[in-house]
>>> print(open('protein05.txt').read())   # compact mmCIF, C-alpha atoms
# COMPACT_ATOMS: atom_id res chain seq x y z
CA MET T 1 -93.54 -119.38 25.90
CA GLU T 2 -92.29 -120.51 29.29
CA ARG T 3 -92.65 -119.27 32.83
CA LEU T 4 -89.59 -118.77 34.99
CA ALA T 5 -89.96 -118.54 38.76
CA VAL T 6 -87.61 -116.27 40.68
CA GLN T 7 -87.72 -116.16 44.47
CA THR T 8 -86.35 -112.95 45.86
CA THR T 9 -84.84 -113.11 49.34
CA LYS T 10 -84.74 -109.46 50.44
CA HIS T 11 -87.13 -106.51 50.63
CA LYS T 12 -85.06 -104.60 48.05
CA GLN T 13 -82.78 -106.66 45.84
CA ILE T 14 -81.09 -106.80 42.45
CA VAL T 15 -81.20 -110.44 41.30
CA ASP T 16 -78.87 -111.51 38.48
CA ILE T 17 -80.98 -113.84 36.28
CA THR T 18 -78.49 -114.12 33.39
CA ASP T 19 -77.48 -117.72 34.17
CA LEU T 20 -81.10 -118.79 34.62
CA VAL T 21 -81.97 -117.39 31.17
CA ASN T 22 -78.89 -118.89 29.51
CA GLU T 23 -79.81 -122.29 30.98
CA HIS T 24 -83.18 -122.10 29.22
CA LEU T 25 -81.58 -120.98 25.97
CA ARG T 26 -79.11 -123.88 26.06
CA SER T 27 -81.94 -126.41 26.01
CA ALA T 28 -84.21 -124.49 23.58
CA LYS T 29 -84.73 -125.59 19.97
CA LYS T 30 -84.22 -122.07 18.57
CA LYS T 31 -80.50 -121.37 18.64
CA GLU T 32 -80.58 -117.79 17.36
CA GLY T 33 -82.99 -114.88 17.63
CA LEU T 34 -84.29 -112.60 20.33
CA CYS T 35 -85.12 -113.56 23.89
CA HIS T 36 -87.98 -111.67 25.54
CA LEU T 37 -88.47 -111.60 29.29
CA CYS T 38 -91.50 -109.99 30.88
CA ILE T 39 -92.26 -109.66 34.57
CA LEU T 40 -95.88 -109.96 35.71
CA HIS T 41 -95.70 -107.56 38.65
CA THR T 42 -95.95 -103.86 39.51
CA THR T 43 -93.26 -103.63 42.21
CA ALA T 44 -90.49 -105.40 40.33
CA ALA T 45 -88.82 -104.70 36.99
CA LEU T 46 -86.31 -106.04 34.46
CA THR T 47 -83.29 -104.36 32.89
CA THR T 48 -79.58 -104.93 32.24
CA ALA T 49 -76.88 -103.69 34.60
CA ASP T 50 -73.25 -103.64 35.66
CA LEU T 51 -72.89 -105.66 38.86
CA ASP T 52 -69.39 -104.69 39.95
CA GLN T 53 -69.15 -105.17 43.73
CA GLY T 54 -71.66 -103.05 45.65
CA THR T 55 -73.30 -101.64 42.52
CA ASP T 56 -76.51 -103.57 43.20
CA LEU T 57 -76.92 -101.74 46.51
CA ASP T 58 -75.96 -98.42 44.87
CA MET T 59 -78.73 -98.92 42.30
CA LEU T 60 -81.32 -99.66 44.98
CA ASP T 61 -80.29 -96.59 47.00
CA ALA T 62 -80.38 -94.38 43.90
CA PHE T 63 -83.79 -95.70 42.78
CA GLN T 64 -85.22 -94.98 46.22
CA GLY T 65 -83.58 -91.55 46.46
CA MET T 66 -84.86 -90.56 43.04
CA ILE T 67 -88.53 -90.61 44.05
CA PRO T 68 -89.58 -87.10 45.13
CA LYS T 69 -90.86 -86.85 48.70
CA LEU T 70 -94.44 -85.73 48.05
CA LYS T 71 -97.86 -86.26 49.57
CA TYR T 72 -99.01 -89.34 47.63
CA ARG T 73 -102.55 -90.73 47.31
CA HIS T 74 -101.83 -94.47 46.87
CA PRO T 75 -104.14 -96.33 49.33
CA HIS T 76 -103.07 -98.15 52.53
CA ASN T 77 -99.38 -97.18 52.39
CA PRO T 78 -98.71 -94.05 50.30
CA SER T 79 -94.93 -94.18 50.91
CA HIS T 80 -94.86 -97.52 49.07
CA VAL T 81 -96.04 -95.90 45.80
CA GLY T 82 -92.39 -95.20 44.88
CA ASP T 83 -91.94 -98.94 44.31
CA HIS T 84 -94.74 -98.89 41.71
CA ILE T 85 -93.34 -95.77 40.07
CA MET T 86 -89.77 -97.08 39.77
CA SER T 87 -91.14 -100.37 38.44
CA SER T 88 -93.02 -98.48 35.67
CA LEU T 89 -89.96 -96.35 34.94
CA ILE T 90 -87.42 -99.20 34.73
CA GLY T 91 -89.97 -101.19 32.74
CA PRO T 92 -91.40 -104.71 32.88
CA SER T 93 -89.43 -106.34 30.07
CA VAL T 94 -86.15 -106.79 28.24
CA LEU T 95 -85.52 -108.05 24.72
CA LEU T 96 -82.03 -109.33 23.97
CA PRO T 97 -80.33 -111.09 21.06
CA PHE T 98 -78.96 -114.60 21.43
CA GLU T 99 -76.96 -116.93 19.19
CA LYS T 100 -75.59 -120.47 19.60
CA GLY T 101 -77.98 -120.92 22.52
CA LYS T 102 -76.51 -118.02 24.53
CA LEU T 103 -77.35 -114.38 25.18
CA ILE T 104 -75.28 -111.74 23.41
CA LEU T 105 -74.29 -109.33 26.18
CA GLY T 106 -71.52 -106.82 26.79
CA THR T 107 -68.56 -107.81 28.97
CA TRP T 108 -70.09 -106.31 32.13
CA GLN T 109 -73.74 -106.57 31.16
CA ARG T 110 -76.08 -108.79 33.18
CA ILE T 111 -79.87 -109.24 33.10
CA VAL T 112 -81.31 -108.18 36.43
CA LEU T 113 -84.63 -108.49 38.17
CA VAL T 114 -85.13 -105.41 40.33
CA GLU T 115 -87.10 -106.40 43.44
CA LEU T 116 -88.65 -103.34 45.08
CA ASP T 117 -91.10 -104.92 47.51
CA GLY T 118 -89.90 -108.43 48.41
CA LEU T 119 -89.28 -110.98 49.43
CA ARG T 120 -91.68 -112.63 46.99
CA ASP T 121 -92.13 -115.29 44.33
CA ARG T 122 -91.83 -113.47 41.01
CA GLY T 123 -93.08 -114.77 37.66
CA VAL T 124 -91.24 -114.02 34.42
CA VAL T 125 -92.56 -115.03 30.98
CA LEU T 126 -89.80 -116.05 28.54
CA SER T 127 -90.53 -116.02 24.78
CA LEU T 128 -88.16 -116.68 21.91
CA ILE T 129 -88.52 -114.78 18.64
CA PRO T 130 -86.90 -115.82 15.37
CA SER T 131 -84.99 -113.00 13.65
CA MET X 132 -99.38 -103.60 11.73
CA GLU X 133 -102.25 -101.43 12.86
CA ARG X 134 -102.62 -97.88 14.12
CA LEU X 135 -104.55 -97.22 17.31
CA ALA X 136 -105.77 -93.70 18.06
CA VAL X 137 -105.89 -92.54 21.67
CA GLN X 138 -107.34 -89.15 22.53
CA THR X 139 -106.03 -87.82 25.80
CA THR X 140 -108.31 -85.47 27.72
CA LYS X 141 -105.97 -83.74 30.18
CA HIS X 142 -102.65 -81.90 30.07
CA LYS X 143 -101.00 -84.62 32.19
CA GLN X 144 -102.73 -87.99 32.23
CA ILE X 145 -102.19 -91.73 32.67
CA VAL X 146 -104.50 -93.48 30.20
CA ASP X 147 -105.22 -97.19 30.71
CA ILE X 148 -105.15 -98.71 27.20
CA THR X 149 -105.28 -102.38 28.29
CA ASP X 150 -108.90 -102.92 27.17
CA LEU X 151 -108.28 -101.21 23.83
CA VAL X 152 -105.33 -103.53 23.16
CA ASN X 153 -107.21 -106.65 24.28
CA GLU X 154 -110.08 -105.70 21.95
CA HIS X 155 -107.65 -105.75 19.02
CA LEU X 156 -106.13 -109.04 20.14
CA ARG X 157 -109.57 -110.66 20.39
CA SER X 158 -110.23 -110.05 16.70
CA ALA X 159 -106.66 -110.77 15.49
CA LYS X 160 -105.77 -113.96 13.59
CA LYS X 161 -102.66 -114.63 15.69
CA LYS X 162 -103.84 -116.02 19.02
CA GLU X 163 -100.45 -116.31 20.73
CA GLY X 164 -97.18 -114.40 20.62
CA LEU X 165 -95.94 -110.97 21.55
CA CYS X 166 -97.81 -107.70 21.18
CA HIS X 167 -95.73 -104.62 20.45
CA LEU X 168 -97.03 -101.11 21.01
CA CYS X 169 -95.05 -98.06 19.95
CA ILE X 170 -96.01 -94.43 20.43
CA LEU X 171 -95.05 -91.95 17.71
CA HIS X 172 -94.50 -88.92 19.94
CA THR X 173 -91.85 -87.25 22.11
CA THR X 174 -94.04 -85.99 24.96
CA ALA X 175 -95.90 -89.24 25.65
CA ALA X 176 -94.70 -92.71 26.57
CA LEU X 177 -95.84 -96.30 27.14
CA THR X 178 -95.24 -98.61 30.11
CA THR X 179 -97.10 -100.89 32.51
CA ALA X 180 -98.37 -99.72 35.89
CA ASP X 181 -100.42 -100.34 39.00
CA LEU X 182 -103.53 -98.15 38.86
CA ASP X 183 -104.82 -98.49 42.41
CA GLN X 184 -106.91 -95.40 43.23
CA GLY X 185 -104.90 -92.16 42.94
CA THR X 186 -101.73 -93.90 41.75
CA ASP X 187 -102.08 -92.33 38.30
CA LEU X 188 -101.83 -88.85 39.82
CA ASP X 189 -98.99 -89.97 42.11
CA MET X 190 -97.02 -91.14 39.05
CA LEU X 191 -97.55 -87.85 37.24
CA ASP X 192 -96.46 -85.84 40.30
CA ALA X 193 -93.38 -88.03 40.78
CA PHE X 194 -92.39 -87.83 37.09
CA GLN X 195 -92.61 -84.05 37.21
CA GLY X 196 -90.78 -83.79 40.55
CA MET X 197 -87.98 -86.03 39.31
CA ILE X 198 -86.78 -83.57 36.65
CA PRO X 199 -84.01 -81.40 38.13
CA LYS X 200 -84.74 -77.67 38.13
CA LEU X 201 -81.95 -76.45 35.84
CA LYS X 202 -81.45 -73.76 33.23
CA TYR X 203 -82.53 -75.63 30.09
CA ARG X 204 -81.85 -74.69 26.46
CA HIS X 205 -84.93 -76.22 24.72
CA PRO X 206 -86.36 -73.48 22.43
CA HIS X 207 -89.63 -71.56 22.98
CA ASN X 208 -90.49 -73.04 26.36
CA PRO X 209 -87.46 -74.47 28.21
CA SER X 210 -89.55 -75.58 31.23
CA HIS X 211 -91.41 -77.96 28.89
CA VAL X 212 -88.23 -79.96 28.15
CA GLY X 213 -88.95 -82.17 31.19
CA ASP X 214 -91.85 -83.69 29.22
CA HIS X 215 -89.45 -84.75 26.46
CA ILE X 216 -86.94 -86.10 28.97
CA MET X 217 -89.48 -88.19 30.91
CA SER X 218 -90.87 -89.49 27.62
CA SER X 219 -87.36 -90.69 26.61
CA LEU X 220 -86.78 -92.18 30.06
CA ILE X 221 -90.08 -94.08 30.32
CA GLY X 222 -89.64 -95.15 26.70
CA PRO X 223 -91.80 -95.21 23.57
CA SER X 224 -92.79 -98.85 23.49
CA VAL X 225 -93.87 -101.97 25.34
CA LEU X 226 -93.66 -105.61 24.27
CA LEU X 227 -95.95 -108.03 26.08
CA PRO X 228 -96.88 -111.70 25.68
CA PHE X 229 -100.41 -112.74 24.80
CA GLU X 230 -102.22 -116.07 24.49
CA LYS X 231 -105.78 -117.08 23.56
CA GLY X 232 -106.25 -113.59 22.15
CA LYS X 233 -105.52 -111.84 25.46
CA LEU X 234 -102.55 -110.10 27.08
CA ILE X 235 -100.69 -111.97 29.81
CA LEU X 236 -100.42 -109.44 32.64
CA GLY X 237 -99.96 -109.55 36.38
CA THR X 238 -103.00 -109.13 38.64
CA TRP X 239 -102.46 -105.38 39.08
CA GLN X 240 -100.61 -104.71 35.85
CA ARG X 241 -102.14 -102.43 33.21
CA ILE X 242 -100.71 -100.97 29.98
CA VAL X 243 -100.63 -97.20 30.26
CA LEU X 244 -100.08 -94.32 27.91
CA VAL X 245 -98.35 -91.53 29.83
CA GLU X 246 -99.53 -88.17 28.46
CA LEU X 247 -97.12 -85.41 29.42
CA ASP X 248 -98.27 -82.57 27.16
CA GLY X 249 -101.93 -83.07 26.26
CA LEU X 250 -104.63 -83.01 25.52
CA ARG X 251 -103.80 -84.47 22.11
CA ASP X 252 -104.57 -87.19 19.57
CA ARG X 253 -101.88 -89.82 20.08
CA GLY X 254 -100.92 -92.51 17.55
CA VAL X 255 -99.81 -95.96 18.65
CA VAL X 256 -98.55 -98.63 16.22
CA LEU X 257 -99.59 -102.17 17.20
CA SER X 258 -97.65 -105.14 15.77
CA LEU X 259 -98.05 -108.83 16.55
CA ILE X 260 -95.01 -111.11 16.58
CA PRO X 261 -95.18 -114.90 16.47
CA SER X 262 -93.11 -116.60 19.19
CA MET R 263 -78.37 -110.05 12.99
CA GLU R 264 -75.83 -107.32 12.27
CA ARG R 265 -73.42 -105.29 14.36
CA LEU R 266 -73.37 -101.52 14.00
CA ALA R 267 -70.36 -99.56 15.26
CA VAL R 268 -70.92 -96.10 16.70
CA GLN R 269 -67.97 -93.97 17.75
CA THR R 270 -68.91 -91.39 20.31
CA THR R 271 -66.82 -88.21 20.36
CA LYS R 272 -67.57 -86.69 23.77
CA HIS R 273 -67.61 -87.81 27.41
CA LYS R 274 -71.38 -87.27 27.61
CA GLN R 275 -73.27 -87.21 24.32
CA ILE R 276 -76.61 -87.89 22.67
CA VAL R 277 -75.89 -89.44 19.26
CA ASP R 278 -78.68 -89.49 16.68
CA ILE R 279 -78.43 -92.93 15.01
CA THR R 280 -81.69 -92.72 13.02
CA ASP R 281 -80.00 -92.26 9.64
CA LEU R 282 -77.53 -95.08 10.32
CA VAL R 283 -80.42 -97.45 11.10
CA ASN R 284 -82.47 -96.33 8.09
CA GLU R 285 -79.45 -96.94 5.86
CA HIS R 286 -79.36 -100.57 7.03
CA LEU R 287 -83.11 -100.95 6.56
CA ARG R 288 -82.91 -99.60 3.00
CA SER R 289 -80.56 -102.41 1.96
CA ALA R 290 -82.25 -105.17 4.04
CA LYS R 291 -84.34 -107.92 2.42
CA LYS R 292 -87.18 -107.57 4.96
CA LYS R 293 -89.14 -104.46 4.03
CA GLU R 294 -91.64 -104.49 6.90
CA GLY R 295 -91.58 -105.58 10.52
CA LEU R 296 -89.85 -104.53 13.70
CA CYS R 297 -86.29 -103.32 14.06
CA HIS R 298 -84.53 -104.20 17.31
CA LEU R 299 -81.41 -102.38 18.47
CA CYS R 300 -79.49 -103.47 21.53
CA ILE R 301 -76.41 -101.85 23.01
CA LEU R 302 -73.74 -104.10 24.55
CA HIS R 303 -72.56 -101.72 27.27
CA THR R 304 -73.37 -100.60 30.82
CA THR R 305 -72.59 -96.88 30.52
CA ALA R 306 -74.58 -96.20 27.36
CA ALA R 307 -78.24 -96.66 26.49
CA LEU R 308 -80.76 -96.45 23.65
CA THR R 309 -84.09 -94.63 23.48
CA THR R 310 -86.05 -92.23 21.27
CA ALA R 311 -85.97 -88.47 21.77
CA ASP R 312 -86.83 -85.01 20.55
CA LEU R 313 -83.65 -83.31 19.38
CA ASP R 314 -84.81 -79.72 19.02
CA GLN R 315 -81.77 -77.43 19.37
CA GLY R 316 -80.04 -77.83 22.74
CA THR R 317 -82.34 -80.61 23.93
CA ASP R 318 -79.50 -83.15 23.76
CA LEU R 319 -77.51 -81.15 26.33
CA ASP R 320 -80.67 -80.63 28.43
CA MET R 321 -81.19 -84.41 28.55
CA LEU R 322 -77.61 -85.04 29.63
CA ASP R 323 -77.84 -82.38 32.37
CA ALA R 324 -81.15 -83.77 33.61
CA PHE R 325 -79.90 -87.38 33.62
CA GLN R 326 -76.88 -86.34 35.67
CA GLY R 327 -78.92 -84.16 38.03
CA MET R 328 -81.43 -86.94 38.63
CA ILE R 329 -78.94 -89.26 40.37
CA PRO R 330 -79.13 -88.67 44.14
CA LYS R 331 -75.87 -87.53 45.73
CA LEU R 332 -75.23 -90.47 48.08
CA LYS R 333 -72.25 -92.37 49.42
CA TYR R 334 -71.91 -95.08 46.74
CA ARG R 335 -69.94 -98.35 46.93
CA HIS R 336 -69.01 -98.86 43.25
CA PRO R 337 -65.25 -99.66 43.17
CA HIS R 338 -62.47 -97.36 41.89
CA ASN R 339 -64.67 -94.34 41.15
CA PRO R 340 -67.95 -94.34 43.12
CA SER R 341 -69.14 -91.05 41.55
CA HIS R 342 -69.17 -92.81 38.17
CA VAL R 343 -71.87 -95.27 39.31
CA GLY R 344 -74.55 -92.80 38.18
CA ASP R 345 -73.59 -93.60 34.58
CA HIS R 346 -74.35 -97.28 35.17
CA ILE R 347 -77.62 -96.46 36.94
CA MET R 348 -78.91 -94.12 34.21
CA SER R 349 -77.91 -96.69 31.60
CA SER R 350 -80.02 -99.35 33.39
CA LEU R 351 -82.90 -96.89 33.78
CA ILE R 352 -82.99 -95.67 30.18
CA GLY R 353 -82.52 -99.25 29.04
CA PRO R 354 -80.25 -101.07 26.58
CA SER R 355 -82.63 -101.53 23.66
CA VAL R 356 -85.36 -100.12 21.45
CA LEU R 357 -87.85 -101.94 19.25
CA LEU R 358 -89.47 -99.91 16.48
CA PRO R 359 -91.74 -100.68 13.55
CA PHE R 360 -90.58 -100.15 9.97
CA GLU R 361 -92.24 -100.40 6.56
CA LYS R 362 -91.01 -99.89 2.98
CA GLY R 363 -87.45 -100.15 4.32
CA LYS R 364 -87.81 -97.17 6.68
CA LEU R 365 -88.50 -96.65 10.37
CA ILE R 366 -91.96 -95.47 11.39
CA LEU R 367 -91.28 -92.57 13.75
CA GLY R 368 -93.17 -89.52 14.93
CA THR R 369 -92.39 -86.14 13.34
CA TRP R 370 -89.90 -85.16 16.03
CA GLN R 371 -88.86 -88.65 17.10
CA ARG R 372 -85.24 -89.79 16.62
CA ILE R 373 -83.39 -92.91 17.81
CA VAL R 374 -80.60 -91.87 20.13
CA LEU R 375 -77.60 -93.52 21.67
CA VAL R 376 -77.00 -91.98 25.09
CA GLU R 377 -73.27 -91.94 25.80
CA LEU R 378 -72.60 -91.53 29.51
CA ASP R 379 -68.90 -92.40 29.74
CA GLY R 380 -67.24 -91.71 26.37
CA LEU R 381 -65.63 -91.19 24.12
CA ARG R 382 -65.73 -94.85 23.11
CA ASP R 383 -66.45 -97.33 20.35
CA ARG R 384 -69.95 -98.62 21.03
CA GLY R 385 -71.42 -101.82 19.61
CA VAL R 386 -75.11 -102.11 18.73
CA VAL R 387 -76.76 -105.36 17.59
CA LEU R 388 -79.46 -104.83 14.95
CA SER R 389 -82.07 -107.58 14.41
CA LEU R 390 -85.11 -107.52 12.13
CA ILE R 391 -88.31 -109.30 13.17
CA PRO R 392 -91.15 -110.15 10.80
CA SER R 393 -94.56 -109.05 12.07
>>> encode(input="protein05.txt", output="structure tokens")
Amino acid sequence: MERLAVQTTKHKQIVDITDLVNEHLRSAKKKEGLCHLCILHTTAALTTADLDQGTDLDMLDAFQGMIPKLKYRHPHNPSHVGDHIMSSLIGPSVLLPFEKGKLILGTWQRIVLVELDGLRDRGVVLSLIPS
Amino acid sequence: MERLAVQTTKHKQIVDITDLVNEHLRSAKKKEGLCHLCILHTTAALTTADLDQGTDLDMLDAFQGMIPKLKYRHPHNPSHVGDHIMSSLIGPSVLLPFEKGKLILGTWQRIVLVELDGLRDRGVVLSLIPS
Amino acid sequence: MERLAVQTTKHKQIVDITDLVNEHLRSAKKKEGLCHLCILHTTAALTTADLDQGTDLDMLDAFQGMIPKLKYRHPHNPSHVGDHIMSSLIGPSVLLPFEKGKLILGTWQRIVLVELDGLRDRGVVLSLIPS
């Protein structure tokens, strides 16, 4: 179990962490199995995505537009509750196969950290599972 | 592999099951690894969430408001199909790291069972994975 | 680690892959543990679902209706970006317990491949984890 640190640089941001994860896999003893990544926050999430030009901004716009405009109860800043809700919906973790010290991903598939309330220092726990 | 029973008490409800899971981890032989939770239903889901006061109700309102108002085909009660759809979208399982017999979670992060068609007895399968 | 091939036959489609997965589990050496499935694409996703008559089409309609109608930047065909976004939101993988060479699922629960931009040959990586 290792902790990765990811510094986001914008208020809303899709951060491609594929290379960061592959770097850790390259130096790991286990060469094959499943790689688990889990984010320890409630306004950020992990998933995989296509990052063709502009698609990161499209995703952020869509995620924001998806939240119904309702009278929310969340304290201090009710309009900010959408960030918590999208984070729960996207989910806090991904589990992906790797072999020969490298993630197995589709041609266009990248691992992304979805920052919904940055900029912040985000913590991600990486665990390797034999399979 | 163990089965946890969770009784929901409302028709729509966010149930914090973090303490229930930590209780099982405390008495488990494995002290470190990944904890997998999987719900065996199609109108309930598992994820992590911020549970600041009122946020549970905000989430339920948002989940319901997110489902487009369309002419659905689902038999018996078509308006109920949104519960199935949100359950598929949130997802049936979470996988989270633990150490020293306790979940590793962010400061505000809780494991929640999202009840979309209660009140019911819900079954959750807990499995521990070495990592 | 094994690769399953799934050929989708429609542009938008919910494909029930439960029997395909159970077939692999029946002939696997590991009889108990967790079964991980990961799709290697950015316009398809995996989850569990209720498949009562017509519910597959309801899901597809809801997923499409959920994407806000905005001016997107995705190259070539911006309207197609919703397929990428729903694929990231539903998620690329599922992890489910199995015992006696068979998935543990709820009565109505099926594993589904959500095809958002078919028809295509889709690749799914299956890994078994001891627990």
>>> interface_residues(input="protein05.txt", of="chain R", to="chain T", cutoff="12 Å", atoms="only C-alpha atoms", output="JSON list (two decimals) with C-alpha atoms, in the frame of the given file")
[["chain", "number", "residue", "atom", "x", "y", "z"],
["R", 263, "MET", "CA", -78.37, -110.05, 12.99],
["R", 264, "GLU", "CA", -75.83, -107.32, 12.27],
["R", 265, "ARG", "CA", -73.42, -105.29, 14.36],
["R", 292, "LYS", "CA", -87.18, -107.57, 4.96],
["R", 295, "GLY", "CA", -91.58, -105.58, 10.52],
["R", 296, "LEU", "CA", -89.85, -104.53, 13.70],
["R", 297, "CYS", "CA", -86.29, -103.32, 14.06],
["R", 298, "HIS", "CA", -84.53, -104.20, 17.31],
["R", 299, "LEU", "CA", -81.41, -102.38, 18.47],
["R", 300, "CYS", "CA", -79.49, -103.47, 21.53],
["R", 301, "ILE", "CA", -76.41, -101.85, 23.01],
["R", 302, "LEU", "CA", -73.74, -104.10, 24.55],
["R", 303, "HIS", "CA", -72.56, -101.72, 27.27],
["R", 304, "THR", "CA", -73.37, -100.60, 30.82],
["R", 305, "THR", "CA", -72.59, -96.88, 30.52],
["R", 306, "ALA", "CA", -74.58, -96.20, 27.36],
["R", 307, "ALA", "CA", -78.24, -96.66, 26.49],
["R", 325, "PHE", "CA", -79.90, -87.38, 33.62],
["R", 326, "GLN", "CA", -76.88, -86.34, 35.67],
["R", 327, "GLY", "CA", -78.92, -84.16, 38.03],
["R", 328, "MET", "CA", -81.43, -86.94, 38.63],
["R", 329, "ILE", "CA", -78.94, -89.26, 40.37],
["R", 330, "PRO", "CA", -79.13, -88.67, 44.14],
["R", 331, "LYS", "CA", -75.87, -87.53, 45.73],
["R", 332, "LEU", "CA", -75.23, -90.47, 48.08],
["R", 333, "LYS", "CA", -72.25, -92.37, 49.42],
["R", 334, "TYR", "CA", -71.91, -95.08, 46.74],
["R", 335, "ARG", "CA", -69.94, -98.35, 46.93],
["R", 336, "HIS", "CA", -69.01, -98.86, 43.25],
["R", 337, "PRO", "CA", -65.25, -99.66, 43.17],
["R", 338, "HIS", "CA", -62.47, -97.36, 41.89],
["R", 339, "ASN", "CA", -64.67, -94.34, 41.15],
["R", 340, "PRO", "CA", -67.95, -94.34, 43.12],
["R", 341, "SER", "CA", -69.14, -91.05, 41.55],
["R", 342, "HIS", "CA", -69.17, -92.81, 38.17],
["R", 343, "VAL", "CA", -71.87, -95.27, 39.31],
["R", 344, "GLY", "CA", -74.55, -92.80, 38.18],
["R", 345, "ASP", "CA", -73.59, -93.60, 34.58],
["R", 346, "HIS", "CA", -74.35, -97.28, 35.17],
["R", 347, "ILE", "CA", -77.62, -96.46, 36.94],
["R", 348, "MET", "CA", -78.91, -94.12, 34.21],
["R", 349, "SER", "CA", -77.91, -96.69, 31.60],
["R", 350, "SER", "CA", -80.02, -99.35, 33.39],
["R", 351, "LEU", "CA", -82.90, -96.89, 33.78],
["R", 352, "ILE", "CA", -82.99, -95.67, 30.18],
["R", 353, "GLY", "CA", -82.52, -99.25, 29.04],
["R", 354, "PRO", "CA", -80.25, -101.07, 26.58],
["R", 355, "SER", "CA", -82.63, -101.53, 23.66],
["R", 356, "VAL", "CA", -85.36, -100.12, 21.45],
["R", 357, "LEU", "CA", -87.85, -101.94, 19.25],
["R", 384, "ARG", "CA", -69.95, -98.62, 21.03],
["R", 385, "GLY", "CA", -71.42, -101.82, 19.61],
["R", 386, "VAL", "CA", -75.11, -102.11, 18.73],
["R", 387, "VAL", "CA", -76.76, -105.36, 17.59],
["R", 388, "LEU", "CA", -79.46, -104.83, 14.95],
["R", 389, "SER", "CA", -82.07, -107.58, 14.41],
["R", 390, "LEU", "CA", -85.11, -107.52, 12.13],
["R", 391, "ILE", "CA", -88.31, -109.30, 13.17],
["R", 392, "PRO", "CA", -91.15, -110.15, 10.80],
["R", 393, "SER", "CA", -94.56, -109.05, 12.07]]
>>> atom_distance(input="protein05.txt", atom1="CA of Leu378 in chain R", atom2="CA of Thr18 in chain T")
23.7 Å
>>> atom_distance(input="protein05.txt", atom1="CA of Lys12 in chain T", atom2="CA of Gly118 in chain T")
6.2 Å
>>> atom_distance(input="protein05.txt", atom1="CA of Val114 in chain T", atom2="CA of Asn22 in chain T")
18.4 Å
>>> decode(input="protein05.txt", residues="range 378-390 of chain R", atoms="N, CA and C atoms", output="mmCIF file, in the first residue's frame")
data_model
loop_
_atom_site.group_PDB
_atom_site.id
_atom_site.type_symbol
_atom_site.label_atom_id
_atom_site.label_comp_id
_atom_site.auth_asym_id
_atom_site.auth_seq_id
_atom_site.Cartn_x
_atom_site.Cartn_y
_atom_site.Cartn_z
ATOM 1 N N LEU R 378 -22.586 1.982 -25.866
ATOM 2 C CA LEU R 378 -23.077 3.330 -26.145
ATOM 3 C C LEU R 378 -22.741 3.793 -27.563
ATOM 4 N N ASP R 379 -21.879 3.057 -28.258
ATOM 5 C CA ASP R 379 -21.491 3.478 -29.604
ATOM 6 C C ASP R 379 -21.141 2.269 -30.466
ATOM 7 N N GLY R 380 -22.081 1.322 -30.540
ATOM 8 C CA GLY R 380 -21.860 0.081 -31.307
ATOM 9 C C GLY R 380 -22.389 0.253 -32.715
ATOM 10 N N LEU R 381 -22.488 -0.875 -33.352
ATOM 11 C CA LEU R 381 -22.071 -2.193 -32.946
ATOM 12 C C LEU R 381 -20.563 -2.343 -33.086
ATOM 13 N N ARG R 382 -19.972 -3.068 -32.137
ATOM 14 C CA ARG R 382 -18.515 -3.219 -32.095
ATOM 15 C C ARG R 382 -18.106 -4.542 -31.423
ATOM 16 N N ASP R 383 -16.855 -4.901 -31.624
ATOM 17 C CA ASP R 383 -16.249 -5.983 -30.845
ATOM 18 C C ASP R 383 -15.673 -5.379 -29.579
ATOM 19 N N ARG R 384 -16.138 -5.811 -28.430
ATOM 20 C CA ARG R 384 -15.682 -5.238 -27.166
ATOM 21 C C ARG R 384 -14.821 -6.247 -26.418
ATOM 22 N N GLY R 385 -13.745 -5.784 -25.834
ATOM 23 C CA GLY R 385 -12.851 -6.642 -25.060
ATOM 24 C C GLY R 385 -13.033 -6.417 -23.570
ATOM 25 N N VAL R 386 -13.152 -7.512 -22.827
ATOM 26 C CA VAL R 386 -13.311 -7.450 -21.375
ATOM 27 C C VAL R 386 -12.240 -8.338 -20.744
ATOM 28 N N VAL R 387 -11.480 -7.785 -19.797
ATOM 29 C CA VAL R 387 -10.464 -8.572 -19.093
ATOM 30 C C VAL R 387 -11.084 -9.148 -17.821
ATOM 31 N N LEU R 388 -11.015 -10.470 -17.685
ATOM 32 C CA LEU R 388 -11.545 -11.158 -16.497
ATOM 33 C C LEU R 388 -10.387 -11.606 -15.607
ATOM 34 N N SER R 389 -10.410 -11.230 -14.341
ATOM 35 C CA SER R 389 -9.380 -11.659 -13.382
ATOM 36 C C SER R 389 -10.066 -12.231 -12.152
ATOM 37 N N LEU R 390 -9.499 -13.294 -11.598
ATOM 38 C CA LEU R 390 -10.062 -13.878 -10.375
ATOM 39 C C LEU R 390 -9.127 -13.592 -9.201
#
